[in-house]
Each structure stands twice: as C-alpha cells, then as structure tokens.
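Structure below is entry-v3.txt: compact mmCIF, C-alpha atoms and all ligand atoms.
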# COMPACT_ATOMS: atom_id res chain seq x y z
CA MET A 15 -48.23 -79.89 2.98
CA LYS A 16 -51.50 -78.07 2.20
CA LYS A 17 -52.97 -79.45 5.37
CA LEU A 18 -50.00 -78.20 7.35
CA LEU A 19 -50.31 -74.73 5.82
CA PHE A 20 -54.03 -74.63 6.58
CA LEU A 21 -53.37 -75.73 10.16
CA THR A 22 -50.68 -73.07 10.62
CA VAL A 23 -52.98 -70.30 9.31
CA PHE A 24 -55.80 -71.58 11.50
CA VAL A 25 -53.61 -71.61 14.64
CA CYS A 26 -52.23 -68.14 13.80
CA CYS A 27 -55.78 -66.77 13.47
CA LEU A 28 -56.71 -68.32 16.79
CA VAL A 29 -53.68 -66.81 18.51
CA LEU A 30 -54.36 -63.38 16.96
CA SER A 31 -58.02 -63.34 17.92
CA ALA A 32 -57.21 -64.62 21.40
CA GLY A 33 -54.57 -61.89 21.82
CA GLU A 34 -56.86 -59.08 20.75
CA LYS A 35 -59.11 -58.29 23.64
CA PHE A 36 -61.53 -55.40 23.77
CA PRO A 37 -62.60 -54.03 27.12
CA LYS A 38 -66.19 -53.48 28.16
CA TYR A 39 -65.28 -51.56 31.29
CA ILE A 40 -62.67 -48.80 30.99
CA ILE A 41 -61.45 -47.04 34.13
CA LEU A 42 -59.08 -44.13 33.55
CA PHE A 43 -57.29 -42.61 36.55
CA ILE A 44 -55.67 -39.20 36.24
CA GLY A 45 -53.43 -37.71 38.92
CA ASP A 46 -53.47 -33.95 38.39
CA GLY A 47 -49.89 -32.76 38.70
CA MET A 48 -48.64 -36.32 39.14
CA ALA A 49 -45.48 -37.37 37.32
CA SER A 50 -42.77 -39.84 38.35
CA PRO A 51 -41.46 -37.78 41.33
CA GLN A 52 -44.90 -37.65 42.95
CA ARG A 53 -45.46 -41.36 42.31
CA MET A 54 -42.04 -42.29 43.70
CA VAL A 55 -42.19 -40.07 46.82
CA ALA A 56 -45.60 -41.54 47.64
CA GLU A 57 -44.34 -45.07 46.98
CA GLU A 58 -41.24 -44.72 49.17
CA PHE A 59 -43.35 -43.18 51.93
CA ALA A 60 -45.97 -45.93 51.61
CA VAL A 61 -43.36 -48.69 51.76
CA LYS A 62 -41.59 -47.14 54.76
CA SER A 63 -44.83 -46.60 56.66
CA GLY A 64 -46.09 -50.13 56.09
CA HIS A 65 -48.76 -49.46 53.45
CA GLY A 66 -46.90 -51.41 50.79
CA LYS A 67 -46.11 -50.41 47.22
CA LEU A 68 -48.35 -48.22 45.10
CA ALA A 69 -50.70 -50.40 43.07
CA MET A 70 -50.74 -47.93 40.17
CA ASN A 71 -46.95 -48.03 39.82
CA HIS A 72 -46.94 -51.79 39.40
CA LEU A 73 -49.47 -52.37 36.63
CA PRO A 74 -47.81 -54.53 33.95
CA PHE A 75 -47.68 -52.03 31.03
CA HIS A 76 -45.84 -48.70 31.19
CA ALA A 77 -45.54 -45.76 28.81
CA THR A 78 -43.53 -42.57 29.22
CA THR A 79 -45.91 -39.83 28.17
CA ARG A 80 -45.21 -36.42 26.66
CA THR A 81 -47.46 -33.66 28.02
CA ALA A 82 -46.79 -30.51 25.93
CA SER A 83 -49.79 -28.49 24.74
CA ALA A 84 -50.29 -26.92 21.27
CA ASN A 85 -48.63 -23.68 22.34
CA SER A 86 -46.29 -24.61 25.20
CA LEU A 87 -43.95 -27.32 26.43
CA VAL A 88 -45.47 -26.66 29.85
CA THR A 89 -49.13 -27.52 29.63
CA ASP A 90 -51.98 -26.43 31.85
CA SER A 91 -54.71 -28.81 33.00
CA ALA A 92 -57.17 -27.67 30.32
CA ALA A 93 -54.96 -28.48 27.32
CA ALA A 94 -53.66 -31.64 28.98
CA GLY A 95 -57.18 -32.74 29.92
CA THR A 96 -58.35 -32.09 26.35
CA ALA A 97 -55.43 -34.12 24.97
CA ILE A 98 -56.10 -37.09 27.26
CA ALA A 99 -59.88 -36.89 26.80
CA CYS A 100 -60.17 -35.99 23.11
CA GLY A 101 -56.87 -37.08 21.54
CA GLU A 102 -56.05 -33.65 20.08
CA LYS A 103 -53.61 -30.90 21.05
CA THR A 104 -55.06 -27.55 22.00
CA GLU A 105 -53.77 -24.31 23.52
CA ASN A 106 -53.48 -23.83 27.26
CA HIS A 107 -56.80 -22.74 28.84
CA ARG A 108 -58.99 -24.38 26.15
CA ILE A 109 -61.43 -27.17 27.00
CA GLY A 110 -62.65 -29.71 24.44
CA VAL A 111 -62.03 -27.39 21.46
CA GLY A 112 -59.16 -26.99 19.00
CA PRO A 113 -56.37 -24.37 19.25
CA ASP A 114 -58.60 -21.79 17.51
CA GLY A 115 -61.12 -22.09 20.34
CA LYS A 116 -63.86 -23.08 17.90
CA VAL A 117 -63.51 -26.60 16.50
CA ARG A 118 -65.44 -28.95 18.78
CA LEU A 119 -63.55 -32.10 19.74
CA GLU A 120 -65.13 -35.38 20.79
CA SER A 121 -64.00 -36.89 24.07
CA VAL A 122 -63.59 -40.62 24.67
CA ALA A 123 -66.42 -40.31 27.22
CA GLU A 124 -68.77 -38.82 24.61
CA TYR A 125 -67.66 -41.45 22.09
CA ALA A 126 -68.36 -44.23 24.61
CA ARG A 127 -71.81 -42.80 25.34
CA LYS A 128 -72.58 -42.74 21.60
CA LYS A 129 -71.80 -46.46 21.59
CA GLY A 130 -74.38 -47.03 24.32
CA TRP A 131 -71.96 -47.21 27.25
CA LYS A 132 -72.60 -45.57 30.58
CA VAL A 133 -70.23 -42.79 31.66
CA GLY A 134 -68.99 -41.67 35.06
CA ILE A 135 -66.76 -38.73 36.04
CA VAL A 136 -65.23 -38.28 39.49
CA SER A 137 -62.79 -35.67 40.78
CA THR A 138 -61.61 -34.35 44.13
CA MET A 139 -61.51 -30.95 42.41
CA VAL A 140 -64.69 -29.00 41.67
CA ILE A 141 -66.59 -31.09 39.15
CA ASN A 142 -66.50 -28.37 36.44
CA HIS A 143 -62.73 -27.88 36.80
CA ALA A 144 -60.44 -28.26 33.79
CA THR A 145 -59.65 -31.99 33.90
CA PRO A 146 -63.16 -33.41 34.52
CA ALA A 147 -64.64 -30.75 32.20
CA SER A 148 -62.39 -31.92 29.35
CA PHE A 149 -64.51 -35.07 29.14
CA TYR A 150 -67.85 -33.28 28.64
CA GLY A 151 -67.11 -29.57 28.05
CA HIS A 152 -66.41 -27.48 24.95
CA ARG A 153 -65.37 -23.92 25.72
CA PRO A 154 -62.53 -21.64 24.62
CA ALA A 155 -61.64 -20.81 28.26
CA ARG A 156 -61.44 -23.00 31.34
CA SER A 157 -62.55 -20.03 33.45
CA GLN A 158 -66.07 -20.31 31.95
CA TYR A 159 -67.11 -22.37 34.96
CA TYR A 160 -70.83 -21.71 34.62
CA ASP A 161 -70.86 -22.65 30.93
CA LEU A 162 -68.87 -25.79 31.66
CA GLY A 163 -71.48 -26.60 34.32
CA LEU A 164 -74.14 -26.29 31.59
CA ASP A 165 -72.08 -28.66 29.42
CA LEU A 166 -71.95 -31.14 32.30
CA ILE A 167 -75.74 -31.10 32.62
CA ASP A 168 -76.18 -31.43 28.84
CA SER A 169 -73.74 -34.35 28.65
CA GLY A 170 -76.32 -36.77 30.00
CA PHE A 171 -73.51 -38.77 31.62
CA ASP A 172 -74.71 -41.14 34.30
CA TYR A 173 -72.59 -40.44 37.34
CA PHE A 174 -70.77 -37.39 38.69
CA ALA A 175 -69.15 -37.19 42.11
CA GLY A 176 -66.55 -35.00 43.81
CA GLY A 177 -66.19 -31.32 44.67
CA GLY A 178 -69.37 -29.35 43.94
CA PHE A 179 -69.87 -26.84 41.12
CA ASN A 180 -67.84 -23.67 40.90
CA GLN A 181 -70.62 -21.18 40.05
CA LYS A 182 -68.35 -18.13 39.98
CA ASN A 183 -69.95 -16.62 36.90
CA LYS A 184 -73.52 -17.69 37.68
CA GLY A 185 -75.33 -14.40 37.05
CA ASP A 186 -78.95 -13.64 37.86
CA LYS A 187 -81.70 -16.14 38.56
CA GLU A 188 -83.51 -15.74 35.25
CA THR A 189 -80.66 -15.87 32.76
CA ARG A 190 -78.16 -18.06 34.57
CA PRO A 191 -79.92 -19.98 37.34
CA ASP A 192 -78.36 -22.28 39.92
CA LEU A 193 -76.62 -25.23 38.25
CA TYR A 194 -77.91 -27.76 40.78
CA GLU A 195 -81.50 -26.66 40.06
CA LEU A 196 -80.88 -27.04 36.32
CA ALA A 197 -79.34 -30.47 36.81
CA ARG A 198 -82.31 -31.56 38.91
CA LYS A 199 -84.70 -30.41 36.17
CA LYS A 200 -82.68 -32.47 33.67
CA GLY A 201 -83.31 -35.60 35.73
CA TYR A 202 -80.20 -35.78 37.93
CA LYS A 203 -80.56 -37.02 41.48
CA ILE A 204 -78.65 -34.36 43.44
CA LEU A 205 -76.86 -35.14 46.67
CA MET A 206 -75.20 -32.29 48.52
CA PRO A 207 -72.46 -32.04 51.18
CA GLY A 208 -73.64 -33.73 54.37
CA GLN A 209 -75.52 -36.43 52.44
CA LYS A 210 -72.77 -39.02 52.46
CA LYS A 211 -75.06 -41.63 54.02
CA GLU A 212 -77.63 -41.19 51.25
CA PHE A 213 -74.82 -41.32 48.69
CA LEU A 214 -73.43 -44.60 50.04
CA ALA A 215 -76.96 -46.06 50.08
CA LEU A 216 -77.49 -45.46 46.32
CA LYS A 217 -78.30 -48.62 44.39
CA PRO A 218 -78.05 -49.49 40.68
CA GLY A 219 -81.14 -48.29 38.84
CA CYS A 220 -81.32 -45.05 40.86
CA GLY A 221 -80.91 -42.99 37.68
CA LYS A 222 -78.42 -40.25 36.87
CA VAL A 223 -76.50 -39.01 39.92
CA LEU A 224 -74.61 -35.85 40.84
CA TYR A 225 -72.99 -35.96 44.28
CA ALA A 226 -71.31 -32.81 45.56
CA ALA A 227 -69.24 -34.21 48.40
CA SER A 228 -68.06 -30.73 49.40
CA PRO A 229 -69.02 -27.16 48.45
CA GLY A 230 -65.72 -26.45 46.71
CA TYR A 231 -62.79 -28.76 46.02
CA MET A 232 -62.60 -31.61 48.48
CA PRO A 233 -60.67 -31.33 51.75
CA ALA A 234 -57.12 -32.68 51.69
CA ALA A 235 -56.70 -36.40 52.33
CA LEU A 236 -54.26 -35.38 55.07
CA ASP A 237 -56.89 -33.12 56.68
CA THR A 238 -60.05 -35.16 56.17
CA ASP A 239 -61.78 -36.39 59.29
CA ALA A 240 -63.57 -39.74 59.43
CA ASP A 241 -66.82 -38.27 58.02
CA GLY A 242 -65.25 -37.04 54.80
CA THR A 243 -65.97 -38.88 51.56
CA THR A 244 -62.90 -40.48 50.01
CA LEU A 245 -61.95 -40.84 46.38
CA ALA A 246 -62.01 -44.63 46.85
CA GLU A 247 -65.61 -44.49 48.14
CA MET A 248 -66.69 -42.46 45.11
CA THR A 249 -64.90 -44.95 42.86
CA VAL A 250 -66.51 -48.01 44.47
CA LYS A 251 -69.97 -46.42 44.22
CA GLY A 252 -69.35 -45.46 40.62
CA LEU A 253 -68.33 -49.00 39.67
CA GLU A 254 -71.48 -50.31 41.34
CA LEU A 255 -73.82 -47.84 39.62
CA LEU A 256 -72.18 -47.86 36.19
CA LYS A 257 -71.90 -51.64 35.77
CA ASN A 258 -74.22 -52.74 32.96
CA PRO A 259 -74.20 -55.32 30.14
CA LYS A 260 -73.18 -52.82 27.40
CA GLY A 261 -70.16 -51.32 29.17
CA PHE A 262 -68.95 -48.15 30.82
CA PHE A 263 -66.23 -45.51 30.67
CA PHE A 264 -65.24 -44.15 34.06
CA MET A 265 -62.72 -41.33 34.66
CA VAL A 266 -61.48 -40.83 38.21
CA GLU A 267 -59.26 -37.84 38.95
CA GLY A 268 -57.04 -37.23 41.96
CA GLY A 269 -57.51 -33.53 41.20
CA THR A 270 -56.13 -32.07 44.40
CA ILE A 271 -52.69 -33.67 44.07
CA ASP A 272 -52.01 -30.56 42.01
CA VAL A 273 -53.16 -28.19 44.78
CA TYR A 274 -50.43 -29.42 47.15
CA GLY A 275 -47.91 -29.50 44.33
CA HIS A 276 -48.52 -25.80 43.68
CA ALA A 277 -48.19 -25.27 47.45
CA ASN A 278 -44.94 -27.33 47.53
CA ASP A 279 -46.47 -29.24 50.44
CA ALA A 280 -44.81 -32.68 50.21
CA ALA A 281 -46.88 -34.45 52.88
CA GLY A 282 -50.14 -32.98 51.57
CA ASN A 283 -49.16 -33.95 48.03
CA LEU A 284 -48.19 -37.54 48.72
CA ARG A 285 -51.34 -38.21 50.78
CA GLU A 286 -53.39 -37.20 47.74
CA VAL A 287 -51.40 -39.66 45.61
CA LEU A 288 -52.05 -42.38 48.20
CA ALA A 289 -55.77 -41.52 48.16
CA LEU A 290 -55.74 -41.96 44.37
CA ASP A 291 -53.95 -45.26 44.78
CA GLU A 292 -56.67 -46.46 47.17
CA ALA A 293 -59.14 -45.73 44.37
CA VAL A 294 -56.96 -47.70 41.91
CA ARG A 295 -56.95 -50.61 44.37
CA ALA A 296 -60.76 -50.52 44.40
CA ALA A 297 -60.76 -50.74 40.60
CA LEU A 298 -58.29 -53.64 40.72
CA LYS A 299 -60.72 -55.52 42.96
CA PHE A 300 -63.45 -54.92 40.37
CA ALA A 301 -61.06 -56.15 37.66
CA GLU A 302 -60.46 -59.38 39.58
CA LYS A 303 -64.12 -60.21 38.97
CA TYR A 304 -64.07 -59.25 35.27
CA PRO A 305 -60.42 -59.68 34.20
CA ASP A 306 -61.11 -60.18 30.48
CA GLU A 307 -63.47 -57.22 30.19
CA THR A 308 -61.77 -54.56 32.29
CA LEU A 309 -59.07 -52.08 31.28
CA ILE A 310 -57.44 -49.90 33.93
CA VAL A 311 -55.21 -47.01 32.82
CA THR A 312 -53.48 -44.58 35.18
CA THR A 313 -51.72 -41.39 34.11
CA GLY A 314 -50.96 -37.80 35.09
CA ASP A 315 -51.75 -34.64 33.13
CA HIS A 316 -48.41 -32.90 33.93
CA GLU A 317 -45.95 -32.44 36.76
CA THR A 318 -46.52 -29.70 39.35
CA GLY A 319 -43.94 -28.02 41.60
CA GLY A 320 -40.77 -29.35 39.98
CA MET A 321 -40.60 -31.87 42.78
CA SER A 322 -37.31 -33.71 43.11
CA MET A 323 -36.05 -36.54 45.23
CA GLY A 324 -33.12 -34.93 47.00
CA PHE A 325 -32.26 -31.22 47.13
CA ALA A 326 -29.19 -29.02 47.38
CA GLY A 327 -28.92 -29.40 51.16
CA SER A 328 -29.62 -33.11 51.56
CA GLY A 329 -26.71 -34.63 49.65
CA TYR A 330 -27.07 -38.30 48.78
CA ALA A 331 -29.91 -38.92 51.21
CA MET A 332 -33.67 -38.81 51.60
CA PHE A 333 -35.85 -39.33 54.65
CA MET A 334 -39.39 -39.76 53.35
CA GLU A 335 -40.52 -41.35 56.60
CA ARG A 336 -40.19 -37.99 58.40
CA LEU A 337 -43.21 -36.74 56.47
CA LYS A 338 -45.38 -38.88 58.74
CA PHE A 339 -44.89 -36.27 61.49
CA GLN A 340 -46.88 -33.75 59.45
CA LYS A 341 -50.47 -34.02 60.66
CA MET A 342 -52.12 -31.34 58.54
CA THR A 343 -51.55 -29.45 55.31
CA ALA A 344 -49.70 -26.13 55.40
CA LYS A 345 -52.98 -24.48 54.30
CA LYS A 346 -54.80 -25.85 57.33
CA TYR A 347 -51.93 -24.80 59.60
CA ASP A 348 -52.27 -21.24 58.27
CA LYS A 349 -55.93 -21.31 59.30
CA LEU A 350 -55.06 -22.71 62.71
CA ILE A 351 -52.62 -19.87 63.38
CA ALA A 352 -55.02 -17.25 62.00
CA GLU A 353 -57.69 -18.50 64.40
CA ALA A 354 -55.27 -18.46 67.35
CA ARG A 355 -54.30 -14.89 66.48
CA LYS A 356 -57.93 -13.86 66.20
CA LYS A 357 -58.68 -15.30 69.62
CA ASP A 358 -55.60 -13.75 71.19
CA PRO A 359 -53.97 -10.81 69.39
CA LYS A 360 -50.86 -11.36 71.51
CA PHE A 361 -50.42 -14.93 70.27
CA SER A 362 -46.69 -15.13 69.52
CA PHE A 363 -44.20 -17.32 67.65
CA GLU A 364 -43.18 -18.69 71.07
CA ASP A 365 -46.81 -19.74 71.61
CA SER A 366 -46.92 -21.41 68.19
CA LYS A 367 -43.92 -23.67 68.90
CA LYS A 368 -46.16 -26.19 70.65
CA LEU A 369 -48.37 -26.35 67.54
CA LEU A 370 -45.34 -26.81 65.28
CA THR A 371 -44.21 -29.75 67.42
CA GLU A 372 -47.69 -31.29 67.47
CA ASN A 373 -48.41 -30.87 63.77
CA PHE A 374 -44.98 -31.15 62.13
CA GLY A 375 -42.90 -33.00 64.71
CA PHE A 376 -40.37 -30.13 64.90
CA LYS A 377 -38.30 -29.97 68.07
CA PHE A 378 -36.84 -26.71 69.35
CA SER A 379 -34.21 -28.25 71.61
CA GLY A 380 -32.07 -31.38 71.65
CA ASP A 381 -29.28 -32.90 69.59
CA VAL A 382 -29.98 -33.18 65.84
CA LYS A 383 -27.55 -36.12 65.64
CA LYS A 384 -29.74 -38.08 68.01
CA ASP A 385 -33.10 -36.75 66.81
CA PRO A 386 -33.39 -35.62 63.16
CA MET A 387 -36.49 -33.55 63.89
CA VAL A 388 -34.51 -31.12 66.04
CA LEU A 389 -34.34 -27.77 64.22
CA ASP A 390 -31.15 -25.80 63.57
CA LYS A 391 -30.94 -22.00 63.97
CA LYS A 392 -31.59 -21.33 60.28
CA GLN A 393 -34.72 -23.44 60.30
CA ILE A 394 -36.05 -21.78 63.46
CA LYS A 395 -35.41 -18.38 61.87
CA ALA A 396 -37.31 -19.45 58.73
CA LEU A 397 -40.28 -20.55 60.86
CA GLU A 398 -40.19 -17.32 62.84
CA ASP A 399 -40.07 -15.21 59.66
CA GLY A 400 -42.98 -17.22 58.26
CA PHE A 401 -44.97 -16.47 61.41
CA LYS A 402 -44.17 -12.75 61.21
CA ASN A 403 -45.10 -12.57 57.51
CA ASN A 404 -48.41 -14.36 58.04
CA LYS A 405 -47.17 -17.39 56.13
CA PRO A 406 -46.52 -19.85 58.95
CA GLY A 407 -47.69 -22.89 56.95
CA ASN A 408 -45.51 -21.93 54.03
CA ALA A 409 -42.41 -21.86 56.25
CA ALA A 410 -43.36 -25.11 57.99
CA ARG A 411 -43.86 -27.07 54.77
CA MET A 412 -40.53 -25.75 53.47
CA VAL A 413 -38.62 -26.91 56.55
CA MET A 414 -40.50 -30.21 56.38
CA SER A 415 -39.40 -30.76 52.75
CA GLN A 416 -35.79 -30.08 53.80
CA LYS A 417 -36.04 -32.60 56.63
CA ALA A 418 -37.38 -35.20 54.18
CA GLY A 419 -34.85 -34.33 51.45
CA ILE A 420 -37.40 -33.15 48.89
CA GLY A 421 -36.64 -30.29 46.53
CA TRP A 422 -39.02 -27.97 44.65
CA THR A 423 -38.13 -25.79 41.69
CA SER A 424 -41.47 -24.19 40.91
CA GLY A 425 -44.82 -23.08 42.23
CA ALA A 426 -46.27 -23.87 38.82
CA HIS A 427 -46.37 -26.79 36.37
CA THR A 428 -43.29 -28.19 34.66
CA GLY A 429 -42.77 -29.94 31.32
CA LEU A 430 -41.64 -33.29 32.73
CA PRO A 431 -43.11 -36.35 31.03
CA VAL A 432 -45.59 -38.39 33.07
CA LEU A 433 -45.99 -42.11 33.51
CA THR A 434 -48.94 -44.01 32.07
CA THR A 435 -49.54 -47.55 33.36
CA ALA A 436 -52.17 -50.09 32.36
CA GLN A 437 -53.61 -53.49 33.09
CA GLY A 438 -56.28 -55.65 31.47
CA ALA A 439 -57.98 -55.91 28.09
CA GLY A 440 -56.05 -53.72 25.61
CA ALA A 441 -53.42 -52.68 28.17
CA GLU A 442 -50.60 -53.80 25.84
CA ASN A 443 -51.29 -50.65 23.77
CA PHE A 444 -49.85 -48.46 26.52
CA VAL A 445 -46.10 -49.00 26.09
CA GLY A 446 -43.05 -47.08 24.91
CA PHE A 447 -42.82 -43.33 24.49
CA ILE A 448 -46.27 -41.95 23.74
CA ASP A 449 -48.00 -38.59 23.54
CA ASN A 450 -50.85 -37.67 25.91
CA THR A 451 -53.15 -37.49 22.86
CA ASP A 452 -52.42 -41.19 22.23
CA ILE A 453 -54.33 -42.10 25.39
CA ALA A 454 -57.71 -40.95 24.03
CA ARG A 455 -56.90 -42.32 20.56
CA LYS A 456 -56.01 -45.74 21.89
CA LEU A 457 -59.03 -45.82 24.20
CA LYS A 458 -61.42 -44.84 21.41
CA ALA A 459 -59.99 -47.61 19.21
CA LEU A 460 -60.66 -50.11 21.99
CA ILE A 461 -64.34 -49.17 22.40
CA ARG A 462 -66.45 -51.49 20.25
ZN ZN B 501 -53.46 -30.42 35.87
Output the structure of this file as structure tokens.
Ligand SMILES: [Zn+2]
Amino acid sequence: MKKLLFLTVFVCCLVLSAGEKFPKYIILFIGDGMASPQRMVAEEFAVKSGHGKLAMNHLPFHATTRTASANSLVTDSAAAGTAIACGEKTENHRIGVGPDGKVRLESVAEYARKKGWKVGIVSTMVINHATPASFYGHRPARSQYYDLGLDLIDSGFDYFAGGGFNQKNKGDKETRPDLYELARKKGYKILMPGQKKEFLALKPGCGKVLYAASPGYMPAALDTDADGTTLAEMTVKGLELLKNPKGFFFMVEGGTIDVYGHANDAAGNLREVLALDEAVRAALKFAEKYPDETLIVTTGDHETGGMSMGFAGSGYAMFMERLKFQKMTAKKYDKLIAEARKKDPKFSFEDSKKLLTENFGFKFSGDVKKDPMVLDKKQIKALEDGFKNNKPGNAARMVMSQKAGIGWTSGAHTGLPVLTTAQGAGAENFVGFIDNTDIARKLKALIR
C-alpha cells in the first residue's frame, strides 16, 4: 500500500512538472485597434481570396480580454499599452506610470531584461508611439514624444524597428538634440529609411539596433510597393538577432491597423491585419524549431471604428471579397486626386471616374444585378459630394464598405473586448475572461 502511495505521488509530481513549462522565448503580438470584428473581416477576406485562415485566430488557447482603462470604459492606446506591458491600470494618455502620473510601473520587457533576457520592440507606428513606448517609457502624457524617445534610448533594449522617431517636441540642438544622434552615442547601430538592404544583411552579434524603416509611421500594407519593409521582415530579423541562450522578450505591433480603423477604411484595415498575421506566421516557423521554449501570444489593445460585420443597408449578407477591388487606401486616393487637381485645376468629378474604377472597382454604368460593383444613384451622388468637399477618399471608402457589407459606428475607439490567443510554453494561462492587465502579469510569472 505504502509503495502504491509513493508511486502515485511520484507519478503525480512527474505529470505536474512535465505540464509546467516555462518559455525562454516570448513573442507578443499586438494589433492596435484589433478586436474580433477586425480579425474576422480579415479572416473571411483571406479565406475568400485564397490566402487561407488567419494563423493568429487559430492558436490553441483563447481568452476574451477586457480593455477598459482606469478612468474610462473606452481606453486609449497609452493606458491599454501600459496595462498589457506593465500589468496595471492607468488613466488614458499615461505611459508606464500609475493613474496619478507619478508612480513608475515596470514593464514585462524591463522585467525580462533584468533577468538577463534580450528585448526587441517592433511597430509599424512611429517607434515612440503609445503602444511600443509602454514597454520602455514612463511619462504622464503620451504626447511627450521627445521624452519617450529619451526613454527608448535609456532602455538599453537590443532591437528596435519600425516607423522612425516622432521628434515633434525636439527643441534646440543643445538642450534637446536629435534622438538618432543620441541613440548613436549610446551605442545603437542606426539604420535609416532607404537602408533596407543593410538592415536585411544584419547578423547576430551586430550589437544594439535601431532601424527606422520610414520617416514617420510606415506606409499602409495596401499601399506599399515592393521596396517597402514589411512587418514580417522586421519580425524575422528580430528573431534572428535576439536569439540567445538566456532568452528574449519580443513585442511586435501592427500599429497602423488603428490608423485605418479611425479612417473607417475596411480594405486598408484588413490588409494591416493580414500583414500582422504574416508576422505571426514567421514566429510560428521559429516556434516549430523550439516548440518547448517558445510562447506566442497575440492580442489587441482595443477596438477602433466600431466595425461590424453587416450594416443597416446590407441585410443578412456580406461580400468581403469585393474589398479586393480596392487598390489603395482612401488616404492615398486623396493624395492622388489632390495631385491631379494641382496639375489641372479643371480636373473634374467626371475625370476622376476612371480613377475610381481603377482603384475601387466602381462601375458607373451597367446592371447591378449582374455586376455588384455597379453604383446606384445615391452612391454616385456620395462620391460626387466627396469630390466637391475635397474628401474623395472618404466617400470612396464609405461606398466600398457598403458594397462589402461592413458597418462603422465610430471614428474613435470603442469599449469592445478583444481576443487574446496563445500557443506554446505557458499558453494554457491565456484562457477564459481576462483583463488586459493579466497579460503582463501572466507573462512576468512565466519569465524565470
Ligand atoms: Zn491603440
């Protein structure tokens, strides 16, 4: 009997220790402004256009995640970033500090670094924007871009890539010099826009890196030409440079999903989600090599735009596949029209019809029953009004959303919960109904 008891305890201990895995490589993906609607619209589009399902939607562990900040049910990116990074609620606009704007919070990235891990931060947004800054910055206001840039340089993190610094409040040369110069002095290898080749050629052991892939936030995935750097490329390079025997924490943000959510530009928005998913796929390939040591977590910081699948005019139907006709973001279309008007002051709505057909697939004649991209009178009027009011892209993206059956309720954030998914060592912690602060808390507990 005693023997049996001993054996049972022994087996139980074995099972427990075998079940408790601690990751050495943590990769956290954040879609800014990405909740379930954004993930589902992108997934349906991807499936219908032959790209297959979204990898991030099909990780084995799922948690519905509450996003409210300390002072509002509708969070901004600063409070949400701070919650995900540091595990504490703060007020909207604060970065890495408590609601009073003073108490300094420790991010999971800083905690990992203390433990001897390497740290990487990537975003398609400017690199000192709210979400990435929440992992290294400590300021009462997210608008303190220059100060957050100083925090980035002081962090000593190993790898930064994405949109270059916002140096809005730089000041004079003596008191507040150029952030890139300061970073160089602190030992960072700086690569600027146009240096993609040099960036891709970086090898492990090259030291601390800061790659500004574009001067401001990165061009839209929908607009990027072949020379543009992708989020997946920055993720692959990060995994290569950060890999080391002690471990690493790597945060990758699809920061510009939010930009096209605010703009209610469905095609622009979903292409950003797909670009993030390509980055997740790159991480999954890495995890195939180190399955017992890698943890991948994907989440969003809040929903943007009040996106819905179906709207008042579409009834019980959606046509996501029609979004493939949109060849550029509404923002880029605005620029295109502005340029045409500059060249020819007489450039008219009639003249722009050809561009609307080329870039949005809209047809100005034909039978809508035979061709769904044929416009009705109301839609043509909306496009014409948009042209007259100097908001041609705005009108085009609105008609496009109607054609696809996508509704929008807001130009701002909403309080919808987001989805957190996970795979790998410790992934079983990310289940049920959790708070965004739980993400940092759970990650910190997994770092040994
Ligand atoms: Zn955000």
Residues within 10 Å of (-53.3, -35.7, 42.4), counting only C-alpha atoms, listed as an MDAnalysis selection string: chainID A and resid 43:49 52:53 137:139 267:275 283:291 314:315 317:318
Within 8 Å of range 240-253 of chain A: each range 279-351 of chain A residue with its shortest pair, all atoms listed in the file, as a Markdown table:
| residue | atom | partner | partner_atom | distance |
| --- | --- | --- | --- | --- |
| A:Ala289 | CA | A:Leu245 | CA | 6.5 |
| A:Leu290 | CA | A:Leu245 | CA | 6.6 |
| A:Glu292 | CA | A:Ala246 | CA | 5.7 |
| A:Ala293 | CA | A:Ala246 | CA | 3.9 |
| A:Val294 | CA | A:Ala246 | CA | 7.7 |
| A:Ala296 | CA | A:Val250 | CA | 6.3 |
| A:Ala297 | CA | A:Val250 | CA | 7.4 |
| A:Phe300 | CA | A:Leu253 | CA | 7.7 |
Spatial neighbours of range 370-378 of chain A, 6 Å, all atoms listed in the file, chain gap at least 3 places, as a list in words: Phe339, Gln340, Lys341, Lys367, Met387, Val388 and Leu389 of chain A
Selection near range 117-121 of chain A, 9 Å with all atoms listed in the file, sequence-local residues under 2 positions removed, as a ChimeraX atom specification: /A:96,98-102,110-115,123-126,148-153,454,458
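The closest residue to Lys260 in chain A, picked from A:Asp399, A:Glu34, A:Glu307, A:Glu364 and counting all atoms listed in the file, is A:Glu307.
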For range 257-259 of chain A, please output as a compact mmCIF listing (two decimals) with C-alpha atoms, in the frame of the given file all residues within 9 Å (counting only C-alpha atoms; exclusion window: fewer than 4 positions along the same chain).
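selection-v6.txt written:
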# COMPACT_ATOMS: atom_id res chain seq x y z
CA LYS A 38 -66.19 -53.48 28.16
CA TYR A 39 -65.28 -51.56 31.29
CA TRP A 131 -71.96 -47.21 27.25
CA LYS A 132 -72.60 -45.57 30.58
CA PRO A 218 -78.05 -49.49 40.68
CA GLY A 252 -69.35 -45.46 40.62
CA LEU A 253 -68.33 -49.00 39.67
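Residues in contact with Tyr231 in chain A at up to 8 Å, not including ones fewer than 2 positions away on its chain and judged by only C-alpha atoms, are Thr138, Met139, Val140, Gly176, Gly177, Gly178, Ser228, Pro229, Pro233 and Thr270 of chain A.
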